[in-house]
Amino acid sequence: MTVPRPSRHPLTPLLLGVIVLSLIPALLLAVARVNHEQSQKTAALVMDYPAVAAQARRFGMEPEALLDRYKSHGVNGVGMYEDVIGNLVQRGAVYLRSGADLLADHPGANIRPQNVYLRSLRPGVAEALPARFTIPTRTVQVAGQTWTEWPTDPTFLPVGPDRALLARLQAKGYTVVYRPYADDALREPGLDWPDVPFVIFNGEEVIGARTPELLAQINQRLGKRIPALIEATPQRGLDTLIATHGAARTFSVNLAWQNRLDPATLASKYNLAARERGMRLLYLRPYPTINETEALLDRTTELLGKSGVRVTQPVIAPFRENTLLRTLSLIGPLAALLLLGLSFPLVRLGLLAAAGSGLLAFAMNKLDPFASGALIAAVTFPALGLVLRRARVTDWFVATGLSLCGVLFVSALGANRDSVLGLEPFRGVGLTLLLPLVLVALSFLPRQDLRQTARDLYNAPIKLGDVLVMALGLAVFALVFLRRGNTTGAGVTDTEAKIRQDLQDTLVRPRFKEMAGHPLGLLGLSGVLPGYFSAMLILGGVIGQSSILNTFSHFHTPLLISAQRCFLGLAVGLIAGLIAIPLVNAALRLWQTHGPRTGARA
């Protein structure tokens with residue numbers, strides 16, 4: 001198979017010039033994004049207070065004493081839940097009796113056995129509670145004591161913060177994260193929230209999510225408090241609050257999963273979350289033992305220090321996009337898409353493929369021009385270099401340079417407040433791997449009538465080896481496609497997981513698709529393999545180029561982190577490819593010359 005040379009269209013210099021000019025606003029936007037992200041490299045290690053209190057009691061310690069011990073190992077924040085009536089009972093502020101028990105002690109009293117009764121042990125506490133709720137109550141006298149009768153068990157009704165505990169924690173310098181409870185019986189939810197920087201809502205929705213009027217009140221009562229956006233935990237109504245207040249990206253680990261991980265592995269996950277996913281609140285729970293918990297905290301703070309993430313109270317500033325510069329940046333991907341189509345050996349086919357790619361990008365992004373432009377850049381630039389030039393090894397540098405230009409356009413057009421927070425995912429991640437392959441493969445079609453090409457392909461003799469090679473290529477691509485993104489359809493082996501953890505603890509982990517794809521592309525461009533093998537290897541190189549753009553489509557990952565990952569992959573891939581070319585050449589020579597020659601005597 002001979003790969004046809006691309007067309008050299010008269011508009012090529014002009015379109016390349018337009019792309020270069022459009023890179024200027026894209027570069028300015030990239031610099032602004034980096035400055036923003038560098039200013040946000042802070043995180044708080046927030047320890048769940050009820051979990052610490054439970055652990056402290058098991059070991060005969062005071063909860064605040066154990067928390068202070070953890071503070072010496074890096075903890076600077078506390079997750080403090082809203083009090084419920086049950087907490088008031090535990091602290092001796094009120095006395096709770098079931099109606100049946102109270103009636104047994106005082107036969108004949110005006111008591112309903114199915115109800116629950118509260119009496120103040122601290123003056124006025126029980127009497128003040130009914131005003132908080134819409135639940136009908138009544139006051140009864142039993143043996144000279146005043147009881148408040150509740151028609152339902154009030155143990156879990158929220159009653160606001162423990163202000164004495166809050167004051168002590170804030171006096172010690174902790175960043176307090178408040179966790180209020182939702183209850184339909186509350187008259188004025190949010191009215192008594194304490195003055196804290198962050199609020200984490202419990203459950204699958206924020207307070208007031210089901211009632212627009214109440215949600216508007218909660219939005220107003222948040223004040224300067226910033227709601228937490230919990231990783232992988234969508235909460236109904238949170239987007240309304242984020243639109244006004246922004247959000248603090250928060251990472252936590254389910255306790256059951258945590259207990260299956262050793263402290264070093266868990267610390268690596270917290271470090272990765274802060275360094276590469278923009279998590280500002282690292283929400284921790286203690287291990288069953290104090291020693292394990294201290295090991296987790298020590299390793300986490302060590303890794304955060306190496307990553308340049310300061311452990312302090314985060315100051316959250318929303319990412320602000322520049323509409324004018326984004327509009328100017330949009331010109332570049334459109335010019336690149338047109339250039340791609342004009343550079344096909346079959347120009348009409350190229351223009352048709354380019355138009356179809358553009359329409360698909362706009363359809364997937366619901367006609368949003370900036371998101372559509374980002375997807376166009378992500379599918380065009382990985383293919384453009386290998387469509388323009390693919391005759392020698394040095395053409396890999398041209399393809400890589402154009403892919404890096406595409407990176408700037410993807411960031412400029414796709415990065416906005418919601419996408420940086422992870423609220424607005426990049427639409428079309430699968431296309432960023434599939435479409436560049438299709439575009440480059442279509443550019444391999446010879447300059448002749450497509451019907452003749454179809455006949456030639458149909459009549460081409462196929463050997464068993466050809467079938468095996470093609471099946472292997474499809475299997476490799478299927479594996480790559482299934483393992484795209486963070487949530488994949490194919491898992492990783494224990495060995496690979498260990499390698500990943502070691503890499504991400506010492507440096508930014510490069511993507512394996514790039515480390516494999518770039519050597520394949522270099523090998524294909526070298527032409528050392530005969531027939532269609534070089535063309536298939538060039539397609540493997542397209543996966544490496546596509547992975548570059550795919551890396552930068554995760555907008556919640558800081559731009560410099562993605563750049564480090566990209567350039568590490570490029571360096572490893574380049575070195576591996578330059579080593580592979582002479583090795584393959586030597587292996588082929590040995591294969592062809594080893595043993596008796598054809599026609600020689602036995």
# chains A, B, ... in the order shown; residues from 1 in each chain; ligands from 1
$ select_by_dssp --residues "stretch 244-320 of chain A" --states "helix (DSSP H, G or I)" --output "count of residues only"
37
$ residues_around --residues "A:Glu302" --least-positions-apart "6" --cutoff "10 Å" --atoms "only C-alpha atoms" --output "ChimeraX atom specification"
/A:74,267,271,296
$ residues_around --residues "A:Leu14" --least-positions-apart "2" --cutoff "12 Å" --atoms "only C-alpha atoms" --output "list in words"
His9, Pro10, Leu11, Thr12, Leu16, Gly17, Val18, Ile19, Val20, Leu21, Gly332, Ala335, Ala336, Leu338 and Leu339 of chain A
$ residues_around --residues "A:Leu360" --least-positions-apart "5" --cutoff "10 Å" --atoms "only C-alpha atoms" --output "PyMOL selection string"
chain A and resi 354-355+365-367+372+375-376+428+431
$ residues_around --residues "stretch 192-199 of chain A" --least-positions-apart "5" --cutoff "8 Å" --atoms "only C-alpha atoms" --output "list of chain:residue names"
A:Gly160, A:Pro161, A:Arg163, A:Thr175, A:Val176, A:Val177, A:Tyr178, A:Arg179, A:Pro180, A:Lys224, A:Arg225, A:Ile226, A:Pro227, A:Ala228, A:Ala248
$ write_last_selection --atoms "all heavy atoms" --output "short mmCIF file (atom, residue, chain, number, x, y, z; two decimals), in the first residue's frame"
data_model
loop_
_atom_site.label_atom_id
_atom_site.label_comp_id
_atom_site.auth_asym_id
_atom_site.auth_seq_id
_atom_site.Cartn_x
_atom_site.Cartn_y
_atom_site.Cartn_z
N GLY A 160 -29.75 23.70 64.87
CA GLY A 160 -28.71 24.71 64.73
C GLY A 160 -27.36 24.23 65.25
O GLY A 160 -27.23 23.10 65.73
N PRO A 161 -26.35 25.07 65.20
CA PRO A 161 -24.99 24.64 65.57
C PRO A 161 -24.77 24.62 67.08
O PRO A 161 -25.47 25.30 67.84
CB PRO A 161 -24.12 25.71 64.92
CG PRO A 161 -24.98 26.94 64.93
CD PRO A 161 -26.39 26.46 64.70
N ARG A 163 -22.83 26.21 69.33
CA ARG A 163 -22.03 27.43 69.23
C ARG A 163 -20.85 27.45 70.20
O ARG A 163 -19.82 28.07 69.92
CB ARG A 163 -22.93 28.65 69.44
CG ARG A 163 -23.98 28.78 68.35
CD ARG A 163 -24.66 30.13 68.31
NE ARG A 163 -25.62 30.18 67.21
CZ ARG A 163 -25.31 30.52 65.96
NH1 ARG A 163 -24.07 30.83 65.67
NH2 ARG A 163 -26.24 30.54 65.02
N THR A 175 -10.41 25.76 60.24
CA THR A 175 -11.38 26.13 59.23
C THR A 175 -12.61 25.25 59.42
O THR A 175 -12.54 24.03 59.22
CB THR A 175 -10.82 25.92 57.81
OG1 THR A 175 -9.71 26.79 57.61
CG2 THR A 175 -11.88 26.18 56.75
N VAL A 176 -13.71 25.83 59.86
CA VAL A 176 -14.91 25.05 60.17
C VAL A 176 -15.79 24.97 58.94
O VAL A 176 -16.15 25.99 58.34
CB VAL A 176 -15.68 25.65 61.36
CG1 VAL A 176 -16.96 24.85 61.61
CG2 VAL A 176 -14.81 25.66 62.61
N VAL A 177 -16.12 23.75 58.56
CA VAL A 177 -17.04 23.49 57.45
C VAL A 177 -18.35 23.02 58.07
O VAL A 177 -18.40 21.99 58.75
CB VAL A 177 -16.47 22.43 56.50
CG1 VAL A 177 -17.44 22.15 55.37
CG2 VAL A 177 -15.12 22.88 55.95
N TYR A 178 -19.41 23.77 57.84
CA TYR A 178 -20.70 23.48 58.49
C TYR A 178 -21.54 22.56 57.61
O TYR A 178 -21.60 22.73 56.38
CB TYR A 178 -21.46 24.79 58.74
CG TYR A 178 -22.69 24.64 59.59
CD1 TYR A 178 -22.63 24.09 60.87
CD2 TYR A 178 -23.94 25.07 59.13
CE1 TYR A 178 -23.75 23.97 61.67
CE2 TYR A 178 -25.07 24.96 59.92
CZ TYR A 178 -24.97 24.40 61.19
OH TYR A 178 -26.09 24.28 61.97
N ARG A 179 -22.19 21.59 58.25
CA ARG A 179 -23.01 20.61 57.54
C ARG A 179 -24.43 20.63 58.09
O ARG A 179 -24.76 19.92 59.05
CB ARG A 179 -22.39 19.22 57.66
CG ARG A 179 -20.93 19.16 57.23
CD ARG A 179 -20.50 17.77 56.86
NE ARG A 179 -21.23 17.28 55.71
CZ ARG A 179 -20.96 16.11 55.09
NH1 ARG A 179 -20.00 15.34 55.56
NH2 ARG A 179 -21.67 15.73 54.06
N PRO A 180 -25.31 21.45 57.53
CA PRO A 180 -26.69 21.55 58.03
C PRO A 180 -27.55 20.38 57.54
O PRO A 180 -27.29 19.78 56.49
CB PRO A 180 -27.17 22.87 57.44
CG PRO A 180 -26.41 22.99 56.16
CD PRO A 180 -25.07 22.37 56.41
N LYS A 224 -21.87 35.05 52.45
CA LYS A 224 -20.52 34.90 51.91
C LYS A 224 -20.01 33.47 52.01
O LYS A 224 -18.88 33.19 51.61
CB LYS A 224 -19.56 35.84 52.65
CG LYS A 224 -19.86 37.32 52.43
CD LYS A 224 -18.85 38.19 53.15
CE LYS A 224 -19.14 39.67 52.91
NZ LYS A 224 -18.16 40.55 53.62
N ARG A 225 -20.82 32.58 52.56
CA ARG A 225 -20.41 31.18 52.65
C ARG A 225 -20.39 30.55 51.26
O ARG A 225 -21.23 30.86 50.42
CB ARG A 225 -21.36 30.41 53.56
CG ARG A 225 -21.54 31.01 54.95
CD ARG A 225 -22.62 30.28 55.73
NE ARG A 225 -22.98 30.97 56.98
CZ ARG A 225 -23.93 31.87 57.08
NH1 ARG A 225 -24.64 32.20 56.01
NH2 ARG A 225 -24.18 32.45 58.24
N ILE A 226 -19.46 29.65 51.04
CA ILE A 226 -19.31 29.00 49.74
C ILE A 226 -19.76 27.55 49.85
O ILE A 226 -19.29 26.83 50.73
CB ILE A 226 -17.85 29.09 49.27
CG1 ILE A 226 -17.45 30.55 49.09
CG2 ILE A 226 -17.65 28.31 47.97
CD1 ILE A 226 -15.99 30.74 48.74
N PRO A 227 -20.67 27.11 48.99
CA PRO A 227 -21.10 25.71 49.05
C PRO A 227 -20.02 24.78 48.51
O PRO A 227 -19.24 25.15 47.63
CB PRO A 227 -22.35 25.69 48.16
CG PRO A 227 -22.15 26.82 47.20
CD PRO A 227 -21.39 27.88 47.95
N ALA A 228 -20.00 23.57 49.03
CA ALA A 228 -19.03 22.57 48.59
C ALA A 228 -19.61 21.77 47.42
O ALA A 228 -20.79 21.42 47.41
CB ALA A 228 -18.67 21.64 49.73
N ALA A 248 -16.55 25.27 46.25
CA ALA A 248 -15.28 24.71 46.70
C ALA A 248 -15.30 23.23 46.35
O ALA A 248 -16.08 22.45 46.92
CB ALA A 248 -15.10 24.90 48.20
#
